[in-house]
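Asks: Would you mind keeping the following structure in view while I ask a few things?
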Amino acid sequence: MNSNKLILVVAVELLIILLLLSLVTYFGSVTGNGWHAFSLGLLLYLIWHFFQLSQLIQWLRSKKFTHLALNFGMWREIFKQLTLLQQTSRTKQKKLIKFLDNYRAFFNVIPDSVVILNHDNEIEWFNKNAQLFLGLKKKKSIGKNILKVLKDPTLENLLSKKAKEENIELHSPVDKNKIFSIRVIPYIKNSRLLLARDISRIYWIDKTRKDFIANVSHELRTPLTVISGYLETFETRFAQDETFLHPIQTMQQQSHRMENLIQDLLILSKLEANTSKKIGSELLPVPIIIKTIINDTRVINLEKQHQINMDLDEHLMIAGNEIELQSVFTNLISNAIHYTPAKGIINILWYQKNNKAYFSVKDNGEGIESQHLQRLTERFYRIDKGRSRSEGGTGLGLSIVKHIINHHQATLEIESKVGKGSQFTCIFTLPK
Ligand code: ADP
């Protein structure tokens, strides 16, 4: 209502009161009761207001906003404005309900399971798929801590933000063949959305692939050992025979390469199967492990005469799996030796900075073009296949490194410049 209209309504109301009171007083004064008539007029006016006030209270209480009798002037305006207010709030409410229904319908049609959690991880709401696949029950589960419904340590880590990965894999409590990728994302204030996506198909295909590789590698190992054994015998037997010696030695090299490949494939399969296993808490003498590896690799290094410098913090130890960490250090050091030309410089560092332990291998070798860096840890990814083969590489070294690094909840950083060299750094978080 604009102010001009308001002034008009008030003015009319005042005018009417004045007119009525004047009329009443006039008729009263004719009979000599002017003041009495004036007071009576005021009293009636007051009663009229009480009547309207009681109507208003009743009207507000009953919430039945019907048209009211006997209202005009300012009271009519009051009721009109209140009705308008009520209508707008009703329309807003309807819109809100519709929006909420749409939003619920949306969450019910999406193929993911959705659960809304409060800051204490208690279930506030969930969609139909969460009922079907996560086993949540309409009445029982609301208000319950999700960890009491889905008992899983990795989910506990994810919810407490300890998990490094944003996603975790979880077997459905309803159907063990169903695997879900779980994500937790902040929602409105103090609430989080738990999203579970069905990845069963990919999971089982991947599992079949892993099992196949592990089985094939295992099956190939025995025949290869037999072939290698015979080749060794033939080598001694035909040591003086030039016609046979060369092919036998080539066959020996190739079977040796296959043995390395099978060994790396088996290591990878074992690592993949062990990802959920906890690493030990025992502290490992890392500087001694690194020094032993450097001494062992000096044999390959003799040919190329690299300058290998090391700067190791003798007191810095970390908890981990000794065999796995040995494999990481060996792979990175031997890569530096393989891909650095003769007389190059290799620096090996083991140090602590803040609450992190760093193992770094830096070389001044050929370097790697930036487009390859992202893909180096993929299986069989090699920049130059021929070069890798001639260096005795399998293309699996960095993939093994990456798996072990993940298993230790560490990170691998690769920096490289073509013509300048490369630096591979493993960063381990130390316990507080
Ligand atoms: P490979 O057995 O071929 O060495 P890796 O997985 O260990 O397999 O390494 C993958 C590829 O990364 C190598 O083929 C090589 O091209 C590249 N690479 C690894 N380390 C270095 C390095 N220090 N300098 C240059 N290239 C490297």
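Residue numbering restarts at 1 in every chain; chains get A, B, ... in the order shown in the structure tokens, and ligands count up from 1 in that same order.
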Using only C-alpha atoms and all ligand atoms, find each protein or nucleic acid residue lying at most 6 Å from ligand 1; present the set as a PyMOL selection string.

Replies: chain A and resi 335-336+339+366-368+376+381-384+388+393-399+422

Asks: DSSP on the backbone, then: every residue of range 99-176 of chain A marked helix (DSSP H, G or I), written as a ChimeraX atom specification.

Replies: /A:99-109,128-133,138-141,146-149,153-159

Asks: Write the residues you've just listed into a file as a short mmCIF file (atom, residue, chain, number, x, y, z; two decimals), in the first residue's frame, and include N, CA, C and O atoms for each of them.

Replies:
data_model
loop_
_atom_site.label_atom_id
_atom_site.label_comp_id
_atom_site.auth_asym_id
_atom_site.auth_seq_id
_atom_site.Cartn_x
_atom_site.Cartn_y
_atom_site.Cartn_z
N PHE A 99 9.05 -27.49 -4.92
CA PHE A 99 10.50 -27.58 -5.12
C PHE A 99 11.06 -28.78 -4.37
O PHE A 99 11.86 -29.56 -4.88
N LEU A 100 10.58 -28.94 -3.12
CA LEU A 100 11.05 -30.05 -2.27
C LEU A 100 10.66 -31.40 -2.87
O LEU A 100 11.45 -32.34 -2.87
N ASP A 101 9.43 -31.45 -3.40
CA ASP A 101 8.97 -32.69 -4.05
C ASP A 101 9.82 -33.02 -5.27
O ASP A 101 10.21 -34.16 -5.47
N ASN A 102 10.12 -31.95 -6.07
CA ASN A 102 10.94 -32.15 -7.26
C ASN A 102 12.32 -32.66 -6.88
O ASN A 102 12.87 -33.55 -7.51
N TYR A 103 12.83 -32.05 -5.83
CA TYR A 103 14.17 -32.35 -5.37
C TYR A 103 14.25 -33.80 -4.85
O TYR A 103 15.14 -34.55 -5.14
N ARG A 104 13.19 -34.21 -4.12
CA ARG A 104 13.14 -35.60 -3.64
C ARG A 104 12.99 -36.55 -4.82
O ARG A 104 13.64 -37.59 -4.87
N ALA A 105 12.12 -36.17 -5.77
CA ALA A 105 11.90 -37.02 -6.94
C ALA A 105 13.22 -37.17 -7.70
O ALA A 105 13.57 -38.26 -8.14
N PHE A 106 13.98 -36.06 -7.79
CA PHE A 106 15.26 -36.09 -8.50
C PHE A 106 16.21 -37.09 -7.83
O PHE A 106 16.78 -37.95 -8.47
N PHE A 107 16.31 -36.98 -6.50
CA PHE A 107 17.21 -37.89 -5.78
C PHE A 107 16.75 -39.34 -5.86
O PHE A 107 17.53 -40.25 -5.71
N ASN A 108 15.44 -39.52 -6.06
CA ASN A 108 14.94 -40.90 -6.15
C ASN A 108 15.10 -41.51 -7.53
O ASN A 108 15.10 -42.71 -7.66
N VAL A 109 15.23 -40.65 -8.56
CA VAL A 109 15.40 -41.25 -9.90
C VAL A 109 16.87 -41.42 -10.29
O VAL A 109 17.17 -42.22 -11.16
N LYS A 128 15.72 -43.81 -2.44
CA LYS A 128 15.25 -45.20 -2.57
C LYS A 128 16.40 -46.17 -2.81
O LYS A 128 16.43 -47.28 -2.28
N ASN A 129 17.39 -45.73 -3.64
CA ASN A 129 18.50 -46.63 -3.94
C ASN A 129 19.35 -46.93 -2.71
O ASN A 129 19.91 -48.01 -2.59
N ALA A 130 19.42 -45.96 -1.80
CA ALA A 130 20.17 -46.21 -0.56
C ALA A 130 19.44 -47.27 0.26
O ALA A 130 20.08 -48.08 0.95
N GLN A 131 18.12 -47.31 0.15
CA GLN A 131 17.33 -48.33 0.83
C GLN A 131 17.64 -49.70 0.23
O GLN A 131 17.89 -50.67 0.92
N LEU A 132 17.65 -49.71 -1.13
CA LEU A 132 17.83 -50.96 -1.86
C LEU A 132 19.22 -51.54 -1.72
O LEU A 132 19.39 -52.73 -1.49
N PHE A 133 20.24 -50.67 -1.87
CA PHE A 133 21.61 -51.19 -1.95
C PHE A 133 22.44 -51.04 -0.69
O PHE A 133 23.39 -51.79 -0.47
N LYS A 138 13.68 -47.17 6.34
CA LYS A 138 12.98 -45.87 6.48
C LYS A 138 12.91 -45.38 7.92
O LYS A 138 13.36 -44.28 8.23
N LYS A 139 12.37 -46.22 8.82
CA LYS A 139 12.16 -45.72 10.18
C LYS A 139 13.39 -45.94 11.05
O LYS A 139 13.78 -45.07 11.82
N LYS A 140 14.03 -47.11 10.89
CA LYS A 140 15.12 -47.49 11.79
C LYS A 140 16.38 -46.66 11.60
O LYS A 140 17.10 -46.36 12.54
N SER A 141 16.69 -46.33 10.33
CA SER A 141 18.00 -45.74 10.06
C SER A 141 18.11 -44.25 10.31
O SER A 141 19.19 -43.74 10.57
N ILE A 146 25.86 -43.49 10.54
CA ILE A 146 26.04 -44.31 9.33
C ILE A 146 27.07 -45.43 9.55
O ILE A 146 26.94 -46.51 8.98
N LEU A 147 28.04 -45.17 10.44
CA LEU A 147 29.08 -46.18 10.68
C LEU A 147 28.54 -47.39 11.45
O LEU A 147 29.17 -48.44 11.48
N LYS A 148 27.37 -47.20 12.07
CA LYS A 148 26.75 -48.34 12.76
C LYS A 148 25.95 -49.17 11.76
O LYS A 148 25.66 -50.33 12.00
N VAL A 149 25.61 -48.55 10.63
CA VAL A 149 24.85 -49.27 9.60
C VAL A 149 25.82 -49.89 8.60
O VAL A 149 25.73 -51.06 8.27
N PRO A 153 36.00 -49.83 8.07
CA PRO A 153 37.06 -48.91 8.52
C PRO A 153 37.44 -47.86 7.48
O PRO A 153 37.78 -46.73 7.83
N THR A 154 37.35 -48.24 6.17
CA THR A 154 37.74 -47.25 5.15
C THR A 154 36.71 -46.12 5.09
O THR A 154 37.07 -44.97 4.85
N LEU A 155 35.44 -46.47 5.35
CA LEU A 155 34.40 -45.43 5.38
C LEU A 155 34.63 -44.51 6.57
O LEU A 155 34.46 -43.30 6.48
N GLU A 156 35.07 -45.11 7.68
CA GLU A 156 35.35 -44.33 8.88
C GLU A 156 36.46 -43.32 8.57
O GLU A 156 36.37 -42.15 8.93
N ASN A 157 37.49 -43.81 7.86
CA ASN A 157 38.60 -42.92 7.46
C ASN A 157 38.12 -41.81 6.54
O ASN A 157 38.52 -40.66 6.68
N LEU A 158 37.25 -42.19 5.61
CA LEU A 158 36.74 -41.21 4.64
C LEU A 158 35.94 -40.12 5.36
O LEU A 158 36.10 -38.93 5.09
N LEU A 159 35.11 -40.55 6.30
CA LEU A 159 34.27 -39.58 7.01
C LEU A 159 35.08 -38.70 7.95
O LEU A 159 34.76 -37.55 8.17
#

Asks: For CA of Gln374 in chain A and CA of Glu166 in chain A, determine how far apart the two atoms are, in Å to one decimal place.

Replies: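 CA of Glu166 in chain A lies at a distance of 19.0 Å from CA of Gln374 in chain A.
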
Asks: So that I can see what lies close to range 7-17 of chain A, please list as a compact mmCIF listing (two decimals) with C-alpha atoms, in the first residue's frame the residues with an atom at most 10 Å from it, counting only C-alpha atoms and leaving out residues fewer than 6 positions away in the same chain.

Replies:
# COMPACT_ATOMS: atom_id res chain seq x y z
CA LEU A 23 -23.64 14.59 15.02
CA GLY A 41 -20.40 8.13 20.98
CA LEU A 42 -16.77 7.56 22.09
CA TYR A 45 -16.55 3.77 18.86
CA PHE A 72 -14.61 -0.82 6.69
CA GLY A 73 -12.20 2.06 6.94
CA MET A 74 -8.87 1.29 8.58
CA TRP A 75 -9.97 -2.17 9.69
CA ARG A 76 -10.89 -3.15 6.17
CA GLU A 77 -7.41 -2.06 5.11

Asks: I need the residue nearest Lys270 in chain A from this list: A:Ser29, A:Ala214, A:Leu325, A:Lys432. Use only C-alpha atoms for the distance.

Replies: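 Among the listed residues, A:Ala214 lies closest to Lys270 in chain A.
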
Asks: Enumerate, as a PyMOL selection string, the complete set of residues in range 177-371 of chain A that a backbone-based DSSP assignment places in strand (DSSP E).

Replies: chain A and resi 179-186+191-198+283-284+307-312+318-319+345-353+356-363

Asks: Show me, as a PDB file with all heavy atoms, in the first residue's frame, the residues that have an atom within 9 Å of range 241-248 of chain A when counting only C-alpha atoms, minus same-chain residues fewer than 6 positions from it.

Replies:
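Saved as part_33.pdb:
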ATOM      1  N   LEU A 231      69.090 -73.825 -21.413  1.00  0.00           N
ATOM      2  CA  LEU A 231      69.935 -72.891 -22.169  1.00  0.00           C
ATOM      3  C   LEU A 231      71.312 -72.757 -21.527  1.00  0.00           C
ATOM      4  O   LEU A 231      72.334 -72.664 -22.207  1.00  0.00           O
ATOM      5  CB  LEU A 231      69.264 -71.520 -22.292  1.00  0.00           C
ATOM      6  CG  LEU A 231      68.115 -71.447 -23.293  1.00  0.00           C
ATOM      7  CD1 LEU A 231      67.412 -70.105 -23.226  1.00  0.00           C
ATOM      8  CD2 LEU A 231      68.617 -71.682 -24.734  1.00  0.00           C
ATOM      9  N   GLU A 232      71.320 -72.771 -20.173  1.00  0.00           N
ATOM     10  CA  GLU A 232      72.595 -72.682 -19.449  1.00  0.00           C
ATOM     11  C   GLU A 232      73.468 -73.899 -19.768  1.00  0.00           C
ATOM     12  O   GLU A 232      74.663 -73.780 -20.046  1.00  0.00           O
ATOM     13  CB  GLU A 232      72.317 -72.630 -17.956  1.00  0.00           C
ATOM     14  CG  GLU A 232      72.940 -71.399 -17.295  1.00  0.00           C
ATOM     15  CD  GLU A 232      72.470 -71.248 -15.883  1.00  0.00           C
ATOM     16  OE1 GLU A 232      73.030 -71.945 -15.022  1.00  0.00           O
ATOM     17  OE2 GLU A 232      71.508 -70.464 -15.669  1.00  0.00           O
ATOM     18  N   PHE A 234      73.224 -75.762 -22.441  1.00  0.00           N
ATOM     19  CA  PHE A 234      73.650 -75.680 -23.842  1.00  0.00           C
ATOM     20  C   PHE A 234      74.817 -74.705 -23.997  1.00  0.00           C
ATOM     21  O   PHE A 234      75.713 -74.917 -24.798  1.00  0.00           O
ATOM     22  CB  PHE A 234      72.484 -75.215 -24.738  1.00  0.00           C
ATOM     23  CG  PHE A 234      71.406 -76.247 -24.913  1.00  0.00           C
ATOM     24  CD1 PHE A 234      70.102 -75.872 -25.251  1.00  0.00           C
ATOM     25  CD2 PHE A 234      71.692 -77.614 -24.757  1.00  0.00           C
ATOM     26  CE1 PHE A 234      69.106 -76.820 -25.416  1.00  0.00           C
ATOM     27  CE2 PHE A 234      70.690 -78.551 -24.908  1.00  0.00           C
ATOM     28  CZ  PHE A 234      69.398 -78.160 -25.226  1.00  0.00           C
ATOM     29  N   GLU A 235      74.773 -73.627 -23.200  1.00  0.00           N
ATOM     30  CA  GLU A 235      75.830 -72.620 -23.324  1.00  0.00           C
ATOM     31  C   GLU A 235      77.190 -73.231 -22.990  1.00  0.00           C
ATOM     32  O   GLU A 235      78.181 -73.004 -23.692  1.00  0.00           O
ATOM     33  CB  GLU A 235      75.543 -71.431 -22.397  1.00  0.00           C
ATOM     34  CG  GLU A 235      76.382 -70.216 -22.768  1.00  0.00           C
ATOM     35  CD  GLU A 235      76.328 -69.118 -21.732  1.00  0.00           C
ATOM     36  OE1 GLU A 235      75.948 -69.389 -20.572  1.00  0.00           O
ATOM     37  OE2 GLU A 235      76.703 -67.997 -22.080  1.00  0.00           O
TER      38      GLU A 235
END

Asks: Which neighbours of range 360-364 of chain A fall inside 6 Å, counting only C-alpha atoms, when residues of the same chain fewer than 6 positions from it are skipped, and could you give them as a list in words?

Replies: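 Contacts, in chain order: Ile345, Ile346, Asn347, Ile348, Leu349, Lys420, Gly421, Ser422, Gln423, Phe424 and Thr425 of chain A.
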